[in-house]
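Peer 1: File model_25.cif follows (mmCIF, C-alpha atoms):
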```cif
data_my_file
loop_
_atom_site.label_atom_id
_atom_site.label_comp_id
_atom_site.auth_asym_id
_atom_site.auth_seq_id
_atom_site.Cartn_x
_atom_site.Cartn_y
_atom_site.Cartn_z
CA LYS P 1485 141.00 142.26 -16.11
CA GLU P 1486 140.55 144.18 -12.87
CA LYS P 1487 140.58 142.96 -9.26
CA MET P 1488 138.78 143.67 -6.02
CA PHE P 1489 141.35 146.28 -5.06
CA VAL P 1490 143.27 148.22 -7.67
CA ILE P 1491 145.86 150.98 -7.73
CA THR P 1492 144.81 154.30 -9.25
CA VAL P 1493 147.40 156.93 -10.14
CA MET P 1494 146.23 160.49 -9.42
CA GLU P 1495 147.41 164.05 -9.59
CA ASP P 1496 146.04 166.77 -7.35
CA VAL P 1497 146.96 170.02 -5.64
CA VAL P 1498 147.41 170.06 -1.88
CA LYS P 1499 147.19 173.23 0.17
CA ILE P 1500 149.80 173.57 2.88
CA HIS P 1501 149.31 176.15 5.61
CA PRO P 1502 152.44 178.07 6.72
CA ASN P 1503 152.20 176.37 10.15
CA ASN P 1504 152.87 173.09 8.42
CA PHE P 1505 155.73 174.15 6.16
CA ARG P 1506 158.17 172.18 8.28
CA LYS P 1507 156.26 168.91 8.07
CA GLU P 1508 155.31 168.96 4.40
CA VAL P 1509 155.28 165.23 3.68
CA GLN P 1510 153.09 164.42 6.66
CA THR P 1511 150.71 167.26 5.75
CA ILE P 1512 150.44 166.07 2.16
CA GLU P 1513 149.66 162.54 3.37
CA ASP P 1514 147.08 163.83 5.85
CA GLU P 1515 145.37 166.08 3.30
CA LEU P 1516 145.19 163.30 0.69
CA GLU P 1517 143.79 160.78 3.18
CA LYS P 1518 141.23 163.33 4.37
CA LYS P 1519 140.15 164.08 0.84
CA TYR P 1520 140.02 160.58 -0.62
CA ALA P 1521 139.73 157.83 2.02
CA GLY P 1522 136.15 156.58 2.17
CA LYS P 1523 135.06 158.63 -0.85
CA ILE P 1524 133.91 157.37 -4.21
CA LEU P 1525 135.75 158.37 -7.38
CA LEU P 1526 133.06 158.31 -10.03
CA ASN P 1527 133.59 155.56 -12.60
CA VAL P 1528 136.64 154.33 -10.70
CA GLY P 1529 135.62 153.01 -7.28
CA LEU P 1530 135.73 153.53 -3.50
CA CYS P 1531 139.06 154.98 -2.32
CA VAL P 1532 140.52 153.01 0.56
CA GLY P 1533 143.53 155.22 1.15
CA LEU P 1534 146.87 156.54 0.05
CA HIS P 1535 149.29 153.89 -1.20
CA ASP P 1536 152.27 156.17 -1.69
CA ILE P 1537 153.40 159.52 -3.08
CA ILE P 1538 155.14 159.28 -6.45
CA SER P 1539 156.39 162.83 -6.78
CA THR P 1540 155.68 166.44 -5.89
CA GLY P 1541 155.87 169.35 -8.27
CA ASP P 1542 156.17 173.07 -7.99
CA ALA P 1543 154.50 174.83 -5.14
CA PHE P 1544 152.70 178.11 -5.70
CA VAL P 1545 151.86 180.78 -3.20
CA TYR P 1546 148.94 182.93 -4.24
CA LEU P 1547 148.76 186.64 -3.63
CA GLY P 1548 146.98 187.42 -0.38
CA GLU P 1549 147.38 183.87 0.95
CA GLY P 1550 150.24 182.49 3.00
CA SER P 1551 149.55 178.82 2.13
CA SER P 1552 151.47 177.05 -0.59
CA HIS P 1553 149.65 174.95 -3.18
CA MET P 1554 151.64 171.95 -4.22
CA GLN P 1555 151.11 169.62 -7.16
CA VAL P 1556 151.30 165.99 -6.04
CA LYS P 1557 151.33 162.73 -8.02
CA PHE P 1558 150.32 159.73 -5.94
CA ARG P 1559 148.79 156.27 -5.88
CA LEU P 1560 145.55 155.33 -4.18
CA VAL P 1561 144.27 151.90 -3.30
CA VAL P 1562 140.73 151.69 -4.65
CA PHE P 1563 137.99 149.14 -4.04
CA LYS P 1564 136.87 148.25 -7.54
CA PRO P 1565 135.58 144.72 -7.81
CA PHE P 1566 135.17 143.30 -11.31
CA VAL P 1567 132.17 141.75 -13.00
CA GLY P 1568 132.25 138.03 -12.26
CA GLU P 1569 134.20 138.39 -9.03
CA VAL P 1570 133.09 136.28 -6.06
CA LEU P 1571 133.02 138.04 -2.70
CA THR P 1572 131.82 137.19 0.81
CA GLY P 1573 129.72 139.65 2.82
CA LYS P 1574 126.85 139.69 5.30
CA ILE P 1575 123.16 140.29 4.73
CA LYS P 1576 122.14 143.75 5.88
CA SER P 1577 118.43 143.52 5.14
CA CYS P 1578 115.78 141.70 3.11
CA SER P 1579 112.68 142.90 1.30
CA SER P 1580 110.15 141.00 -0.80
CA THR P 1581 112.05 142.05 -3.93
CA SER P 1582 115.72 141.95 -2.96
CA ILE P 1583 118.48 141.22 -0.48
CA GLN P 1584 120.95 143.92 0.60
CA ILE P 1585 124.49 142.81 1.38
CA THR P 1586 127.21 144.70 3.22
CA LEU P 1587 131.01 144.44 3.36
CA GLN P 1588 131.05 146.75 6.42
CA PHE P 1589 133.12 149.40 4.63
CA PHE P 1590 130.76 149.28 1.64
CA ASP P 1591 127.01 148.84 1.90
CA ASP P 1592 125.33 149.23 -1.47
CA ILE P 1593 125.20 145.66 -2.78
CA THR P 1594 121.84 144.46 -4.08
CA VAL P 1595 120.71 140.99 -5.11
CA GLU P 1596 117.37 141.15 -6.91
CA GLN P 1597 114.90 138.32 -6.34
CA ASN P 1598 115.39 136.84 -9.81
CA CYS P 1599 119.14 136.61 -9.09
CA LEU P 1600 118.70 134.28 -6.15
CA ILE P 1601 119.43 130.57 -6.32
CA SER P 1602 116.33 128.88 -7.71
CA PRO P 1603 113.81 128.22 -6.31
CA SER P 1604 113.79 130.79 -3.53
CA TYR P 1605 110.80 132.19 -1.68
CA PHE P 1606 110.12 135.12 0.62
CA ASN P 1607 108.68 134.27 4.03
CA GLU P 1608 106.32 137.21 4.67
CA LYS P 1609 106.05 136.59 8.39
CA GLU P 1610 109.80 136.34 9.09
CA LYS P 1611 110.63 138.82 6.30
CA LEU P 1612 113.41 136.49 5.18
CA TRP P 1613 114.23 134.67 1.95
CA TYR P 1614 114.83 130.94 1.85
CA TRP P 1615 116.08 128.46 -0.74
CA ASP P 1616 113.82 125.46 -1.28
CA TYR P 1617 116.38 122.67 -1.68
CA GLN P 1618 115.27 119.03 -1.72
CA GLU P 1619 112.37 119.66 0.66
CA ASN P 1620 114.59 121.74 2.99
CA GLU P 1621 114.02 125.42 3.67
CA LEU P 1622 117.53 126.87 3.74
CA TYR P 1623 117.28 130.41 5.05
CA PHE P 1624 119.30 133.44 3.97
CA GLU P 1625 120.27 134.58 7.46
CA LEU P 1626 120.93 138.16 8.56
CA GLY P 1627 124.46 138.86 9.76
CA GLU P 1628 125.91 135.52 8.60
CA PRO P 1629 128.56 135.11 5.86
CA ILE P 1630 127.14 134.96 2.35
CA ARG P 1631 128.95 134.52 -0.98
CA PHE P 1632 127.84 136.34 -4.13
CA LYS P 1633 129.01 137.07 -7.65
CA ILE P 1634 129.21 140.60 -9.09
CA ASP P 1635 126.96 141.18 -12.12
CA ASN P 1636 127.29 144.90 -12.60
CA ILE P 1637 128.63 148.09 -11.02
CA VAL P 1638 126.64 151.28 -11.49
CA PHE P 1639 127.99 154.76 -10.82
CA ASN P 1640 125.50 157.59 -10.22
CA ALA P 1641 126.63 161.20 -10.60
CA PRO P 1642 125.37 163.40 -7.76
CA VAL P 1643 122.05 165.07 -8.59
CA SER P 1644 122.25 168.85 -8.48
CA ALA P 1645 120.77 170.39 -5.35
CA SER P 1646 118.67 172.97 -7.17
CA THR P 1647 115.24 171.63 -8.01
CA PRO P 1648 112.94 173.69 -10.24
CA PHE P 1649 109.91 174.82 -8.31
CA LYS P 1650 106.96 172.51 -8.84
CA PRO P 1651 103.42 173.78 -8.22
CA GLY P 1652 102.02 172.11 -5.14
CA GLY P 1653 105.29 172.07 -3.26
CA PHE P 1654 108.88 170.93 -3.47
CA GLU P 1655 109.71 167.31 -4.14
CA PRO P 1656 112.57 165.96 -2.07
CA GLN P 1657 115.54 164.97 -4.25
CA GLN P 1658 116.26 161.26 -3.98
CA GLN P 1659 120.00 160.93 -4.15
CA LEU P 1660 121.07 157.59 -5.56
CA PRO P 1661 124.19 156.15 -3.93
CA PRO P 1662 127.25 157.11 -6.01
CA MET P 1663 128.28 153.47 -6.45
CA VAL P 1664 125.94 150.49 -6.48
CA ILE P 1665 126.86 146.84 -7.01
CA MET P 1666 124.33 144.44 -8.54
CA ALA P 1667 125.04 140.84 -7.65
CA SER P 1668 123.63 137.33 -7.95
CA MET P 1669 123.78 133.96 -6.22
CA ARG P 1670 122.78 131.37 -8.78
CA GLU P 1671 125.54 128.78 -8.86
CA PRO P 1672 126.75 126.05 -6.50
CA GLY P 1673 129.10 127.53 -3.94
CA LEU P 1674 127.21 130.82 -3.71
CA GLY P 1675 124.70 131.80 -1.03
CA MET P 1676 125.20 131.17 2.68
CA THR P 1677 128.67 129.74 3.29
CA SER P 1678 127.10 127.48 5.92
CA TRP P 1679 125.21 125.61 3.17
CA TRP P 1680 128.42 124.49 1.46
CA ALA P 1681 130.70 123.86 4.43
CA ALA Q 962 138.70 175.98 -8.58
CA LYS Q 963 140.75 173.36 -6.75
CA GLU Q 964 138.46 170.51 -7.87
CA ARG Q 965 139.43 171.16 -11.48
CA LYS Q 966 143.00 170.27 -10.64
CA MET Q 967 142.13 166.73 -9.54
CA LYS Q 968 143.17 164.35 -12.32
CA ILE Q 969 143.05 160.61 -12.80
CA ILE Q 970 146.31 159.64 -14.53
CA THR Q 971 145.70 155.88 -14.66
CA ALA Q 972 142.38 154.54 -13.40
CA ASN Q 973 143.63 150.96 -13.23
CA ALA Q 974 147.39 150.75 -12.72
CA GLY Q 975 147.54 147.26 -11.27
CA MET Q 976 145.87 144.72 -9.04
CA VAL Q 977 146.64 144.17 -5.38
CA THR Q 978 145.72 141.18 -3.23
CA ASN Q 979 143.56 141.62 -0.13
CA TYR Q 980 146.70 140.83 1.85
CA GLU Q 981 148.51 143.89 0.48
CA VAL Q 982 145.52 146.12 1.24
CA TYR Q 983 145.31 144.67 4.75
CA SER Q 984 149.03 145.46 5.30
CA MET Q 985 148.61 148.96 3.97
CA VAL Q 986 145.57 149.88 6.05
CA HIS Q 987 147.20 148.27 9.07
CA SER Q 988 150.22 150.57 8.76
CA ARG Q 989 148.08 153.61 7.85
CA PRO Q 990 145.00 153.32 10.07
CA GLY Q 991 144.31 157.04 10.05
CA SER Q 992 145.30 159.68 12.58
CA ALA Q 993 143.65 162.45 14.58
CA GLU Q 994 144.93 164.90 11.93
CA GLN Q 995 143.08 163.02 9.20
CA GLY Q 996 139.82 163.08 11.10
CA GLU Q 997 137.49 160.55 12.70
CA ASP Q 998 135.74 159.77 9.39
CA VAL Q 999 138.95 158.46 7.84
CA ARG Q 1000 139.85 156.49 10.94
CA HIS Q 1001 136.40 154.98 11.21
CA PHE Q 1002 136.25 154.08 7.53
CA LYS Q 1003 139.68 152.40 7.61
CA SER Q 1004 138.70 150.45 10.72
CA LEU Q 1005 135.72 149.07 8.75
CA VAL Q 1006 138.05 148.01 5.92
CA LEU Q 1007 140.31 146.28 8.45
CA ALA Q 1008 137.30 144.66 10.10
CA TYR Q 1009 136.16 143.27 6.76
CA LEU Q 1010 139.60 142.04 5.71
CA SER Q 1011 140.03 140.41 9.12
CA THR Q 1012 137.17 138.09 8.20
CA THR Q 1013 139.01 136.98 5.06
CA PRO Q 1014 142.09 134.74 4.80
CA ALA Q 1015 144.14 137.88 4.01
CA CYS Q 1016 144.71 138.73 7.66
CA THR Q 1017 146.59 135.50 8.33
CA GLN Q 1018 148.80 135.63 5.25
CA THR Q 1019 152.41 136.73 4.99
CA THR Q 1020 154.46 138.34 2.22
CA GLN Q 1021 156.57 135.19 1.83
CA GLY Q 1022 153.51 132.95 1.71
CA VAL Q 1023 151.83 135.04 -0.98
CA THR Q 1024 155.02 135.25 -3.07
CA ASP Q 1025 155.54 131.47 -2.82
CA CYS Q 1026 151.92 130.90 -3.74
CA ILE Q 1027 152.09 133.07 -6.86
CA ALA Q 1028 155.13 131.05 -8.01
CA ALA Q 1029 153.48 127.71 -7.25
CA LEU Q 1030 150.28 128.65 -9.11
CA LYS Q 1031 152.12 129.39 -12.37
CA LYS Q 1032 151.90 125.74 -13.45
CA TYR Q 1033 148.10 125.88 -13.53
CA ASN Q 1034 148.13 128.58 -16.24
CA LEU Q 1035 145.75 130.89 -14.44
CA THR Q 1036 145.20 134.51 -15.39
CA LYS Q 1037 146.49 137.21 -13.03
CA ALA Q 1038 142.93 137.91 -11.88
CA GLU Q 1039 142.34 134.21 -11.13
CA THR Q 1040 145.63 133.97 -9.22
CA VAL Q 1041 144.81 136.97 -7.07
CA GLN Q 1042 141.30 135.66 -6.39
CA ILE Q 1043 142.60 132.21 -5.43
CA ILE Q 1044 144.92 133.86 -2.90
CA ASN Q 1045 142.09 136.02 -1.59
CA ILE Q 1046 139.58 133.23 -1.03
CA MET Q 1047 141.94 130.28 -0.28
CA PRO Q 1048 139.77 127.58 -1.84
CA ALA Q 1049 138.73 124.83 0.53
CA SER Q 1050 137.24 122.55 -2.11
CA GLU Q 1051 136.85 121.79 -5.80
CA VAL Q 1052 133.67 123.90 -5.85
CA ASP Q 1053 135.64 126.97 -4.71
CA VAL Q 1054 138.19 126.47 -7.48
CA HIS Q 1055 135.41 126.20 -10.08
CA LEU Q 1056 133.89 129.44 -8.81
CA VAL Q 1057 137.05 131.38 -9.56
CA VAL Q 1058 138.58 129.68 -12.60
CA GLU Q 1059 136.71 130.29 -15.85
CA GLU Q 1060 135.81 127.18 -17.88
CA CYS Q 1061 137.44 125.23 -15.11
CA ALA Q 1062 136.26 121.81 -16.30
CA GLU Q 1063 138.15 122.28 -19.57
CA ARG Q 1064 141.35 123.50 -17.94
CA LEU Q 1065 141.66 121.62 -14.65
CA ASP Q 1066 140.44 118.10 -13.87
CA THR Q 1067 139.35 117.05 -10.39
CA ASP Q 1068 142.87 116.00 -9.34
CA ALA Q 1069 144.33 119.31 -10.49
CA CYS Q 1070 141.65 121.25 -8.58
CA LEU Q 1071 142.29 119.32 -5.40
CA ASP Q 1072 146.08 119.66 -5.79
CA LEU Q 1073 145.70 123.40 -6.35
CA ALA Q 1074 143.52 123.85 -3.27
CA ALA Q 1075 145.87 121.74 -1.14
CA GLU Q 1076 148.98 123.59 -2.32
CA VAL Q 1077 147.46 127.04 -1.73
CA ASN Q 1078 146.36 126.17 1.78
CA GLN Q 1079 149.75 124.66 2.59
CA LEU Q 1080 151.76 127.65 1.31
CA LEU Q 1081 149.60 130.45 2.65
CA TYR Q 1082 150.60 130.61 6.26
CA ASN Q 1083 147.67 130.35 8.61
CA GLY Q 1084 148.95 132.17 11.59
CA PRO Q 1085 148.00 135.04 13.87
CA PRO Q 1086 146.93 138.32 12.21
CA LEU Q 1087 149.55 140.93 11.23
CA SER Q 1088 151.44 142.60 14.06
CA ALA Q 1089 152.34 146.30 14.19
CA GLU Q 1090 156.01 145.54 13.43
CA ASP Q 1091 155.26 144.02 10.05
CA ASN Q 1092 156.93 145.81 7.16
CA ALA Q 1093 154.52 147.37 4.69
CA ALA Q 1094 157.43 148.15 2.35
CA SER Q 1095 157.76 144.49 1.39
CA SER Q 1096 154.17 144.42 0.22
CA ASP Q 1097 155.04 147.31 -2.09
CA GLN Q 1098 157.46 145.04 -3.98
CA MET Q 1099 154.83 142.34 -4.28
CA MET Q 1100 152.28 144.75 -5.74
CA MET Q 1101 154.65 145.53 -8.60
CA ASP Q 1102 155.09 141.85 -9.37
CA THR Q 1103 151.41 141.02 -9.60
CA SER Q 1104 150.33 144.13 -11.46
CA GLU Q 1105 149.17 143.77 -15.01
CA SER Q 1106 150.26 146.39 -17.52
CA THR Q 1107 146.69 147.35 -18.34
CA THR Q 1108 147.60 151.01 -18.43
CA THR Q 1109 144.40 152.62 -19.57
CA THR Q 1110 145.67 156.16 -19.42
CA THR Q 1111 142.52 158.16 -18.89
CA THR Q 1112 143.58 161.75 -18.35
CA THR Q 1113 140.21 163.03 -17.25
CA SER Q 1114 140.57 166.66 -16.33
CA THR Q 1115 137.47 166.71 -14.18
CA ALA Q 1116 137.29 163.68 -11.93
CA GLN Q 1117 134.33 163.54 -9.57
CA LEU Q 1118 134.52 162.69 -5.93
CA SER Q 1119 131.35 161.73 -4.10
CA GLU Q 1120 130.50 160.88 -0.52
CA THR Q 1121 129.46 157.26 0.11
#
```
Could I get this structure in the form of structure tokens?

Peer 2:
Amino acid sequence: KEKMFVITVMEDVVKIHPNNFRKEVQTIEDELEKKYAGKILLNVGLCVGLHDIISTGDAFVYLGEGSSHMQVKFRLVVFKPFVGEVLTGKIKSCSSTSIQITLQFFDDITVEQNCLISPSYFNEKEKLWYWDYQENELYFELGEPIRFKIDNIVFNAPVSASTPFKPGGFEPQQQLPPMVIMASMREPGLGMTSWWA
Amino acid sequence: AKERKMKIITANAGMVTNYEVYSMVHSRPGSAEQGEDVRHFKSLVLAYLSTTPACTQTTQGVTDCIAALKKYNLTKAETVQIINIMPASEVDVHLVVEECAERLDTDACLDLAAEVNQLLYNGPPLSAEDNAASSDQMMMDTSESTTTTTTTSTAQLSET
């Protein structure tokens, strides 16, 4: 069973410019952080950063180029929550059909209306959801801590940039976020942490 | 041509607690060389983890807690989650432990919550002098050998 943060073992080739030949290790670390930190590895998760370098292999210098290309084996820390995991975040926004939650470093968490604690209603005027509990209207407040359970994680491969020409004009390509978390708040203990304090 | 050389050797080589991630990002917060994007992203991770119990934990506390939790027969995932959320009540324990009612009665849940809170040091957040190397040892201890060796020759990297 996985966990919120996991270790992923990777292999990649790092290019080292002749100027940096004397500080190889630092350059390798910098290049790996630049390439992976904050990026999503499809079907794996969101890379937080380099954990450590396991080993380096042969370095090749290509004809016409002064830089060396070095094979590196390393470990990354990756944000990959598991289905069923309980996390705490903050509400980013609400619509009549869903609530968007953020963890600050990761934003694409959606709770659909049928995944809210029952019965919940959308206040059209305030544009906020509330839980109708024993005659009380407990509001899902923006920016306050909220606990949710992960139902599903969806990875979306990037859509290719070339769109076939459509008569009547081009249609803008809607890029889906590469990683989307679907969550729910249906059991006791989930929802605004202030309700259960 | 370079993208083809990026390979995932093991997608899931072990679990790490929020505390270990907090330590790691704290000691590698990004540098000017790595670019503002990396630094900004890591600061957001730190900001998030600072709102969780992880930022007040210590290596010793987490190690002691893992040992103390063995008697409750939790899975590795449940153990790590308990440490991450530091349950304050029976409800919190039920949220994390599957089929809790069958495995832990009320007294056991309350004892578990009390023990975890007592062992996990609630002090000031990590200082710059803290040793990230010790968290490396801890990661090895809590990792499960779920080595799903997926040697994908074309891994895909996307922007968030």

Peer 1: Counting only C-alpha atoms, give me one row per residue of stretch 1521-1621 of chain P with an atom at most 10 Å from an atom of stretch 1013-1019 of chain Q, showing the shortest contact pair and its distance in Å to one decimal, sorted by chain then residue number, as a tab-separated table.

Peer 2:
```
residue	atom	partner	partner_atom	distance
P:Leu1571	CA	Q:Thr1013	CA	9.9
P:Thr1572	CA	Q:Thr1013	CA	8.4
P:Gly1573	CA	Q:Thr1013	CA	9.9
```

Peer 1: Per residue of chain Q within 8 Å of chain P, which atom pair is closest and at what distance in Å (one decimal), using all atoms listed in the file, listed by chain and increasing number, as a Markdown table?

Peer 2:
```
| residue | atom | partner | partner_atom | distance |
| --- | --- | --- | --- | --- |
| Q:Lys963 | CA | P:Val1497 | CA | 7.1 |
| Q:Lys966 | CA | P:Asp1496 | CA | 5.7 |
| Q:Met967 | CA | P:Asp1496 | CA | 4.5 |
| Q:Lys968 | CA | P:Glu1495 | CA | 5.1 |
| Q:Ile969 | CA | P:Met1494 | CA | 4.6 |
| Q:Ile970 | CA | P:Met1494 | CA | 5.2 |
| Q:Thr971 | CA | P:Val1493 | CA | 4.9 |
| Q:Ala972 | CA | P:Thr1492 | CA | 4.8 |
| Q:Asn973 | CA | P:Thr1492 | CA | 5.3 |
| Q:Ala974 | CA | P:Ile1491 | CA | 5.2 |
| Q:Gly975 | CA | P:Ile1491 | CA | 5.4 |
| Q:Met976 | CA | P:Val1490 | CA | 4.6 |
| Q:Val977 | CA | P:Phe1489 | CA | 5.7 |
| Q:Thr978 | CA | P:Phe1489 | CA | 7.0 |
| Q:Asn979 | CA | P:Phe1489 | CA | 7.1 |
| Q:Val982 | CA | P:Val1561 | CA | 7.5 |
| Q:Met985 | CA | P:His1535 | CA | 7.2 |
| Q:Val986 | CA | P:Gly1533 | CA | 7.5 |
| Q:Gly991 | CA | P:Glu1517 | CA | 7.8 |
| Q:Glu994 | CA | P:Asp1514 | CA | 6.5 |
| Q:Gln995 | CA | P:Lys1518 | CA | 5.2 |
| Q:Gly996 | CA | P:Lys1518 | CA | 6.9 |
| Q:Asp998 | CA | P:Gly1522 | CA | 7.9 |
| Q:Val999 | CA | P:Ala1521 | CA | 5.9 |
| Q:Phe1002 | CA | P:Gly1522 | CA | 5.9 |
| Q:Lys1003 | CA | P:Val1532 | CA | 7.1 |
| Q:Leu1005 | CA | P:Phe1589 | CA | 4.9 |
| Q:Val1006 | CA | P:Phe1589 | CA | 5.3 |
| Q:Ala1008 | CA | P:Gln1588 | CA | 7.5 |
| Q:Tyr1009 | CA | P:Gln1588 | CA | 6.2 |
| Q:Ala1038 | CA | P:Lys1487 | CA | 6.2 |
| Q:Val1041 | CA | P:Lys1487 | CA | 7.7 |
| Q:Gln1042 | CA | P:Lys1487 | CA | 7.9 |
| Q:Val1052 | CA | P:Gly1673 | CA | 6.1 |
| Q:Asp1053 | CA | P:Gly1673 | CA | 6.6 |
| Q:Leu1056 | CA | P:Gly1673 | CA | 7.1 |
| Q:Val1057 | CA | P:Val1570 | CA | 7.2 |
| Q:Thr1107 | CA | P:Lys1485 | CA | 8.0 |
| Q:Ala1116 | CA | P:Leu1526 | CA | 7.1 |
| Q:Gln1117 | CA | P:Leu1526 | CA | 5.4 |
| Q:Leu1118 | CA | P:Leu1525 | CA | 4.7 |
| Q:Ser1119 | CA | P:Ile1524 | CA | 5.1 |
| Q:Glu1120 | CA | P:Lys1523 | CA | 5.1 |
| Q:Thr1121 | CA | P:Lys1523 | CA | 5.8 |
```

Peer 1: When the PyMOL selection byres ((chain P and resi 1625) around 10) is applied to the structure above, which residues does it catch, written out as a PyMOL selection string?

Peer 2: chain P and resi 1574-1578+1612-1614+1622-1624+1626-1630+1675-1676+1678

Peer 1: Applied to this file, what does the PyMOL selection byres ((chain Q and resi 1023-1034) around 8) return in terms of residues, put as number ranges by chain?

Peer 2: Q: 1018-1022, 1035-1036, 1040, 1044, 1065, 1073, 1076-1077, 1080-1081, 1099

Peer 1: Mind giving me the straight-line distance from atom CA of P:Ile1593 to atom CA of Q:Ser1050 in Å, one decimal?

Peer 2: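 Those two atoms sit 26.1 Å apart.
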
Peer 1: Could you please determine the separation between atom CA of Q:Ser1011 and atom CA of P:Val1638 in Å, to one decimal place?

Peer 2: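 Going from atom CA of Q:Ser1011 over to atom CA of P:Val1638 covers 26.9 Å.
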
Peer 1: To one decimal place in Å, what is the distance between atom CA of P:Met1669 and atom CA of P:Cys1599?

Peer 2: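 Atom CA of P:Cys1599 lies at a distance of 6.1 Å from atom CA of P:Met1669.
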
Peer 1: Expand the PyMOL selection byres ((chain P and resi 1542) around 7) into the individual residues it matches in the shown file, reporting them as JSON, numbers by chain.

Peer 2: {"P": [1540, 1541, 1543, 1544, 1554, 1555]}
